[in-house]
file work.cif (mmCIF, C-alpha atoms, pLDDT in the B column; chains and numbers go by the auth columns)
data_start
loop_
_atom_site.group_PDB
_atom_site.id
_atom_site.type_symbol
_atom_site.label_atom_id
_atom_site.label_comp_id
_atom_site.label_asym_id
_atom_site.label_seq_id
_atom_site.Cartn_x
_atom_site.Cartn_y
_atom_site.Cartn_z
_atom_site.B_iso_or_equiv
_atom_site.auth_seq_id
_atom_site.auth_asym_id
ATOM 1 C CA MET A 1 16.521 13.843 27.412 47.00 1 A
ATOM 2 C CA LYS A 2 20.041 12.984 26.242 50.00 2 A
ATOM 3 C CA ARG A 3 22.049 15.437 24.157 50.00 3 A
ATOM 4 C CA SER A 4 22.026 13.193 21.075 53.00 4 A
ATOM 5 C CA LYS A 5 18.256 12.918 21.234 58.00 5 A
ATOM 6 C CA GLN A 6 17.859 16.705 21.367 61.00 6 A
ATOM 7 C CA PHE A 7 19.921 17.288 18.235 58.00 7 A
ATOM 8 C CA PRO A 8 17.151 16.541 15.674 62.00 8 A
ATOM 9 C CA LEU A 9 14.760 18.922 17.434 61.00 9 A
ATOM 10 C CA ILE A 10 17.396 21.660 17.711 63.00 10 A
ATOM 11 C CA ALA A 11 18.350 21.214 14.049 58.00 11 A
ATOM 12 C CA PHE A 12 14.675 21.420 13.038 60.00 12 A
ATOM 13 C CA CYS A 13 14.159 24.658 14.983 58.00 13 A
ATOM 14 C CA CYS A 14 17.366 26.203 13.608 53.00 14 A
ATOM 15 C CA GLY A 15 16.244 25.302 10.117 54.00 15 A
ATOM 16 C CA LEU A 16 12.969 27.079 10.634 54.00 16 A
ATOM 17 C CA LEU A 17 14.733 30.154 11.948 51.00 17 A
ATOM 18 C CA SER A 18 17.046 30.229 8.946 45.00 18 A
ATOM 19 C CA LEU A 19 14.032 30.385 6.645 49.00 19 A
ATOM 20 C CA THR A 20 13.124 33.815 7.959 50.00 20 A
ATOM 21 C CA GLY A 21 14.575 36.509 5.739 50.00 21 A
ATOM 22 C CA CYS A 22 16.215 39.791 6.564 60.00 22 A
ATOM 23 C CA VAL A 23 13.293 41.791 5.182 71.00 23 A
ATOM 24 C CA SER A 24 10.328 42.001 7.532 88.00 24 A
ATOM 25 C CA GLN A 25 6.880 40.875 6.512 90.00 25 A
ATOM 26 C CA LYS A 26 5.651 44.433 6.979 91.00 26 A
ATOM 27 C CA GLU A 27 8.274 45.821 4.582 93.00 27 A
ATOM 28 C CA THR A 28 7.452 43.133 2.035 92.00 28 A
ATOM 29 C CA MET A 29 3.736 43.948 2.227 94.00 29 A
ATOM 30 C CA ILE A 30 4.424 47.653 1.712 92.00 30 A
ATOM 31 C CA GLN A 31 6.639 46.827 -1.298 93.00 31 A
ATOM 32 C CA GLN A 32 3.766 44.746 -2.686 94.00 32 A
ATOM 33 C CA GLY A 33 1.446 47.739 -2.509 95.00 33 A
ATOM 34 C CA TYR A 34 -0.474 47.136 0.726 96.00 34 A
ATOM 35 C CA PRO A 35 -1.414 50.324 2.592 96.00 35 A
ATOM 36 C CA LEU A 36 0.849 51.170 5.540 96.00 36 A
ATOM 37 C CA ALA A 37 -2.072 50.985 7.997 96.00 37 A
ATOM 38 C CA TYR A 38 -2.980 47.480 6.796 96.00 38 A
ATOM 39 C CA ALA A 39 0.670 46.348 6.984 95.00 39 A
ATOM 40 C CA ASP A 40 1.007 47.812 10.504 95.00 40 A
ATOM 41 C CA GLY A 41 -2.144 46.008 11.602 96.00 41 A
ATOM 42 C CA PHE A 42 -1.097 42.763 9.954 96.00 42 A
ATOM 43 C CA ASP A 43 2.293 42.913 11.692 95.00 43 A
ATOM 44 C CA ASP A 44 0.735 43.549 15.107 96.00 44 A
ATOM 45 C CA GLY A 45 -1.960 40.936 14.531 96.00 45 A
ATOM 46 C CA CYS A 46 0.613 38.409 13.379 94.00 46 A
ATOM 47 C CA HIS A 47 2.693 38.804 16.554 95.00 47 A
ATOM 48 C CA SER A 48 -0.491 38.487 18.607 95.00 48 A
ATOM 49 C CA GLY A 49 -1.632 35.430 16.644 95.00 49 A
ATOM 50 C CA LYS A 50 1.703 33.700 17.094 94.00 50 A
ATOM 51 C CA LYS A 51 1.510 34.353 20.835 94.00 51 A
ATOM 52 C CA ALA A 52 -2.032 32.974 20.930 93.00 52 A
ATOM 53 C CA GLY A 53 -0.851 29.947 18.945 92.00 53 A
ATOM 54 C CA GLY A 54 1.789 29.127 21.553 90.00 54 A
ATOM 55 C CA SER A 55 4.912 31.055 20.523 89.00 55 A
ATOM 56 C CA LEU A 56 7.323 31.797 23.336 88.00 56 A
ATOM 57 C CA PHE A 57 9.056 34.490 21.305 90.00 57 A
ATOM 58 C CA ASP A 58 6.175 36.821 20.430 90.00 58 A
ATOM 59 C CA GLN A 59 4.082 39.213 22.466 94.00 59 A
ATOM 60 C CA PHE A 60 0.509 40.392 22.080 95.00 60 A
ATOM 61 C CA ARG A 61 0.478 43.687 20.147 95.00 61 A
ATOM 62 C CA LYS A 62 -2.537 45.800 19.330 96.00 62 A
ATOM 63 C CA ASP A 63 -3.065 49.532 19.099 96.00 63 A
ATOM 64 C CA ALA A 64 -6.584 49.476 20.555 96.00 64 A
ATOM 65 C CA GLU A 65 -7.368 53.090 19.664 97.00 65 A
ATOM 66 C CA ARG A 66 -6.175 52.692 16.097 97.00 66 A
ATOM 67 C CA PHE A 67 -8.052 49.393 15.833 96.00 67 A
ATOM 68 C CA GLN A 68 -11.313 51.240 16.630 97.00 68 A
ATOM 69 C CA ILE A 69 -10.866 54.143 14.209 97.00 69 A
ATOM 70 C CA ASP A 70 -8.769 52.798 11.305 97.00 70 A
ATOM 71 C CA SER A 71 -10.523 50.119 9.256 97.00 71 A
ATOM 72 C CA GLN A 72 -7.375 49.223 7.310 97.00 72 A
ATOM 73 C CA TYR A 73 -5.413 48.680 10.528 97.00 73 A
ATOM 74 C CA SER A 74 -8.216 46.607 12.082 97.00 74 A
ATOM 75 C CA GLN A 75 -8.641 44.487 8.915 98.00 75 A
ATOM 76 C CA GLY A 76 -4.874 43.940 8.717 96.00 76 A
ATOM 77 C CA TRP A 77 -4.726 43.064 12.425 97.00 77 A
ATOM 78 C CA SER A 78 -7.564 40.520 12.089 97.00 78 A
ATOM 79 C CA ASP A 79 -6.074 38.956 8.951 96.00 79 A
ATOM 80 C CA GLY A 80 -2.597 38.790 10.482 96.00 80 A
ATOM 81 C CA PHE A 81 -3.906 37.317 13.729 96.00 81 A
ATOM 82 C CA ARG A 82 -5.847 34.513 12.008 97.00 82 A
ATOM 83 C CA GLN A 83 -3.092 33.626 9.563 96.00 83 A
ATOM 84 C CA CYS A 84 -0.224 33.614 12.041 95.00 84 A
ATOM 85 C CA GLU A 85 -2.176 31.849 14.780 94.00 85 A
ATOM 86 C CA SER A 86 -2.952 29.038 12.319 94.00 86 A
ATOM 87 C CA GLU A 87 0.670 28.847 11.161 94.00 87 A
ATOM 88 C CA GLN A 88 1.958 28.787 14.749 93.00 88 A
ATOM 89 C CA GLU A 89 -0.483 26.065 15.747 94.00 89 A
ATOM 90 C CA ALA A 90 0.595 24.007 12.718 93.00 90 A
ATOM 91 C CA LEU A 91 4.237 24.466 13.705 92.00 91 A
ATOM 92 C CA GLN A 92 3.471 23.404 17.271 92.00 92 A
ATOM 93 C CA ARG A 93 1.717 20.276 15.937 92.00 93 A
ATOM 94 C CA GLN A 94 4.722 19.434 13.746 93.00 94 A
ATOM 95 C CA VAL A 95 7.110 19.767 16.683 91.00 95 A
ATOM 96 C CA ARG A 96 4.866 17.616 18.893 90.00 96 A
ATOM 97 C CA MET A 97 4.605 14.971 16.170 93.00 97 A
ATOM 98 C CA ALA A 98 8.392 14.942 15.677 92.00 98 A
ATOM 99 C CA MET A 99 8.888 14.524 19.418 93.00 99 A
ATOM 100 C CA GLU A 100 6.286 11.740 19.579 94.00 100 A
ATOM 101 C CA GLN A 101 7.927 9.943 16.651 93.00 101 A
ATOM 102 C CA GLN A 102 11.316 10.206 18.354 93.00 102 A
ATOM 103 C CA HIS A 103 9.805 8.836 21.578 92.00 103 A
ATOM 104 C CA TYR A 104 8.199 5.962 19.645 93.00 104 A
ATOM 105 C CA LYS A 105 11.535 5.073 18.013 94.00 105 A
ATOM 106 C CA GLU A 106 13.248 5.072 21.413 94.00 106 A
ATOM 107 C CA GLU A 107 10.553 2.832 22.911 94.00 107 A
ATOM 108 C CA LYS A 108 10.826 0.467 19.955 93.00 108 A
ATOM 109 C CA LYS A 109 14.627 0.226 20.365 94.00 109 A
ATOM 110 C CA HIS A 110 14.212 -0.397 24.086 92.00 110 A
ATOM 111 C CA TYR A 111 11.657 -3.151 23.446 93.00 111 A
ATOM 112 C CA GLU A 112 13.909 -4.754 20.823 92.00 112 A
ATOM 113 C CA ARG A 113 16.880 -4.726 23.241 93.00 113 A
ATOM 114 C CA GLU A 114 14.761 -6.294 25.981 93.00 114 A
ATOM 115 C CA GLU A 115 13.485 -8.932 23.569 92.00 115 A
ATOM 116 C CA GLN A 116 17.039 -9.711 22.421 91.00 116 A
ATOM 117 C CA HIS A 117 18.205 -9.993 26.042 89.00 117 A
ATOM 118 C CA HIS A 118 15.301 -12.317 26.840 88.00 118 A
ATOM 119 C CA LEU A 119 16.065 -14.540 23.826 86.00 119 A
ATOM 120 C CA GLU A 120 19.759 -14.727 24.730 83.00 120 A
ATOM 121 C CA LYS A 121 18.897 -15.601 28.303 82.00 121 A
ATOM 122 C CA GLU A 122 16.556 -18.385 27.133 82.00 122 A
ATOM 123 C CA MET A 123 19.181 -19.659 24.713 80.00 123 A
ATOM 124 C CA PHE A 124 21.843 -20.009 27.407 77.00 124 A
ATOM 125 C CA LYS A 125 19.433 -21.303 30.026 80.00 125 A
ATOM 126 C CA ASN A 126 20.172 -25.008 29.508 78.00 126 A
ATOM 127 C CA ILE A 127 23.870 -24.716 28.633 79.00 127 A
ATOM 128 C CA ASP A 128 26.373 -25.990 31.188 75.00 128 A
ATOM 129 C CA THR A 129 28.761 -23.103 31.919 73.00 129 A
ATOM 130 C CA SER A 130 30.437 -24.665 34.965 74.00 130 A
ATOM 131 C CA GLY A 131 33.667 -25.249 33.018 73.00 131 A
ATOM 132 C CA LEU A 132 33.979 -21.512 32.313 74.00 132 A
ATOM 133 C CA GLU A 133 34.783 -20.780 35.941 76.00 133 A
ATOM 134 C CA ASN A 134 38.367 -22.018 35.418 75.00 134 A
ATOM 135 C CA LEU A 135 39.056 -19.331 32.803 75.00 135 A
ATOM 136 C CA LYS A 136 39.696 -16.632 35.412 66.00 136 A
#
call {"tool": "encode", "arguments": {"input": "work.cif", "output": "structure tokens"}}
result
Amino acid sequence: MKRSKQFPLIAFCCGLLSLTGCVSQKETMIQQGYPLAYADGFDDGCHSGKKAGGSLFDQFRKDAERFQIDSQYSQGWSDGFRQCESEQEALQRQVRMAMEQQHYKEEKKHYEREEQHHLEKEMFKNIDTSGLENLK
């Protein structure tokens, strides 16, 4: 892919990254009154869900022992996993669609150039250009 064709995709990804704030989701949840165990579970589940949804930047995280004994952690983990997996999959679909649209536009331009070349060739087909040889 040429550099100029990569720019829209890079700009899109940078825009998404800039939307993330400095305060973590876990800190925001705690400030909103969620229990720490739920927020911990949600954070771990969210990272795991993003990984399952195709993220290259997240890792699977789960405190298996805590998941078994702490219902708030396990509920938070499950909620975070489902929500973030869905969001990541939606993001992946948007990126794929943007790439497919870009590919379609490139194919359309290529077809139009070929069509123009064909029309020009047909137009000049029956024109006598023998006199142009003396212009050298």
call {"tool": "atom_distance", "arguments": {"input": "work.cif", "atom1": "CA of Arg66 (chain A)", "atom2": "CA of Gln32 (chain A)"}}
result
22.7 Å
call {"tool": "resolve_selection", "arguments": {"input": "work.cif", "expression": "the PyMOL selection byres ((chain A and resi 53) around 10)", "output": "list of chain:residue names"}}
result
A:His47, A:Ser48, A:Gly49, A:Lys50, A:Lys51, A:Ala52, A:Gly54, A:Ser55, A:Leu56, A:Asp58, A:Phe81, A:Arg82, A:Cys84, A:Glu85, A:Ser86, A:Glu87, A:Gln88, A:Glu89, A:Ala90, A:Leu91, A:Gln92
call {"tool": "atom_distance", "arguments": {"input": "work.cif", "atom1": "CA of Thr28 (chain A)", "atom2": "CA of Asp44 (chain A)"}}
result
14.7 Å
call {"tool": "resolve_selection", "arguments": {"input": "work.cif", "expression": "the PyMOL selection byres ((chain A and resi 41) around 7)", "output": "number ranges by chain"}}
result
A: 37-40, 42-45, 73-74, 76-77
call {"tool": "write_last_selection", "arguments": {"input": "work.cif", "atoms": "C-alpha atoms", "output": "tab-separated table (two decimals), keeping the file's coordinate frame"}}
result
chain	number	residue	atom	x	y	z
A	37	ALA	CA	-2.07	50.98	8.00
A	38	TYR	CA	-2.98	47.48	6.80
A	39	ALA	CA	0.67	46.35	6.98
A	40	ASP	CA	1.01	47.81	10.50
A	42	PHE	CA	-1.10	42.76	9.95
A	43	ASP	CA	2.29	42.91	11.69
A	44	ASP	CA	0.74	43.55	15.11
A	45	GLY	CA	-1.96	40.94	14.53
A	73	TYR	CA	-5.41	48.68	10.53
A	74	SER	CA	-8.22	46.61	12.08
A	76	GLY	CA	-4.87	43.94	8.72
A	77	TRP	CA	-4.73	43.06	12.42
call {"tool": "atom_distance", "arguments": {"input": "work.cif", "atom1": "CA of Gln72 (chain A)", "atom2": "CA of Leu36 (chain A)"}}
result
8.6 Å
call {"tool": "axis_aligned_box", "arguments": {"input": "work.cif", "around": "region 40-52 of chain A", "padding_each_side": "6 Å", "output": "JSON"}}
result
{"center_x": 0.3, "center_y": 40.4, "center_z": 15.4, "size_x": 16.8, "size_y": 26.8, "size_z": 23.0}
call {"tool": "closest_residue", "arguments": {"input": "work.cif", "among": "A:Gly80, A:His103, A:Glu115, A:His110", "to": "Lys62 (chain A)", "atoms": "only C-alpha atoms"}}
result
A:Gly80
call {"tool": "closest_residue", "arguments": {"input": "work.cif", "among": "A:Cys46, A:Gly131, A:Glu114, A:Tyr34", "to": "Asp79 (chain A)", "atoms": "all atoms listed in the file"}}
result
A:Cys46
call {"tool": "closest_residue", "arguments": {"input": "work.cif", "among": "A:Asn126, A:Phe60, A:Val95, A:Pro35", "to": "Gln75 (chain A)", "atoms": "all atoms listed in the file"}}
result
A:Pro35
call {"tool": "build_atoms", "arguments": {"input": "work.cif", "residues": "region 123-134 of chain A", "atoms": "N, CA and C atoms", "output": "mmCIF file, in the coordinates of the input"}}
result
data_model
loop_
_atom_site.group_PDB
_atom_site.id
_atom_site.type_symbol
_atom_site.label_atom_id
_atom_site.label_comp_id
_atom_site.auth_asym_id
_atom_site.auth_seq_id
_atom_site.Cartn_x
_atom_site.Cartn_y
_atom_site.Cartn_z
ATOM 1 N N MET A 123 18.283 -18.824 25.487
ATOM 2 C CA MET A 123 19.181 -19.659 24.713
ATOM 3 C C MET A 123 20.262 -20.292 25.601
ATOM 4 N N PHE A 124 20.775 -19.527 26.545
ATOM 5 C CA PHE A 124 21.843 -20.009 27.407
ATOM 6 C C PHE A 124 21.330 -20.676 28.684
ATOM 7 N N LYS A 125 20.042 -20.764 28.811
ATOM 8 C CA LYS A 125 19.433 -21.303 30.026
ATOM 9 C C LYS A 125 19.870 -22.747 30.311
ATOM 10 N N ASN A 126 19.887 -23.588 29.303
ATOM 11 C CA ASN A 126 20.172 -25.008 29.508
ATOM 12 C C ASN A 126 21.603 -25.393 29.127
ATOM 13 N N ILE A 127 22.480 -24.427 28.980
ATOM 14 C CA ILE A 127 23.870 -24.716 28.633
ATOM 15 C C ILE A 127 24.691 -24.790 29.915
ATOM 16 N N ASP A 128 25.515 -25.814 30.017
ATOM 17 C CA ASP A 128 26.373 -25.990 31.188
ATOM 18 C C ASP A 128 27.576 -25.048 31.053
ATOM 19 N N THR A 129 27.654 -24.063 31.934
ATOM 20 C CA THR A 129 28.761 -23.103 31.919
ATOM 21 C C THR A 129 29.711 -23.305 33.094
ATOM 22 N N SER A 130 29.598 -24.439 33.771
ATOM 23 C CA SER A 130 30.437 -24.665 34.965
ATOM 24 C C SER A 130 31.919 -24.724 34.613
ATOM 25 N N GLY A 131 32.275 -25.170 33.433
ATOM 26 C CA GLY A 131 33.667 -25.249 33.018
ATOM 27 C C GLY A 131 34.281 -23.884 32.754
ATOM 28 N N LEU A 132 33.481 -22.863 32.595
ATOM 29 C CA LEU A 132 33.979 -21.512 32.313
ATOM 30 C C LEU A 132 34.570 -20.848 33.538
ATOM 31 N N GLU A 133 34.291 -21.379 34.710
ATOM 32 C CA GLU A 133 34.783 -20.780 35.941
ATOM 33 C C GLU A 133 36.309 -20.856 36.024
ATOM 34 N N ASN A 134 36.924 -21.830 35.375
ATOM 35 C CA ASN A 134 38.367 -22.018 35.418
ATOM 36 C C ASN A 134 39.118 -21.048 34.507
#
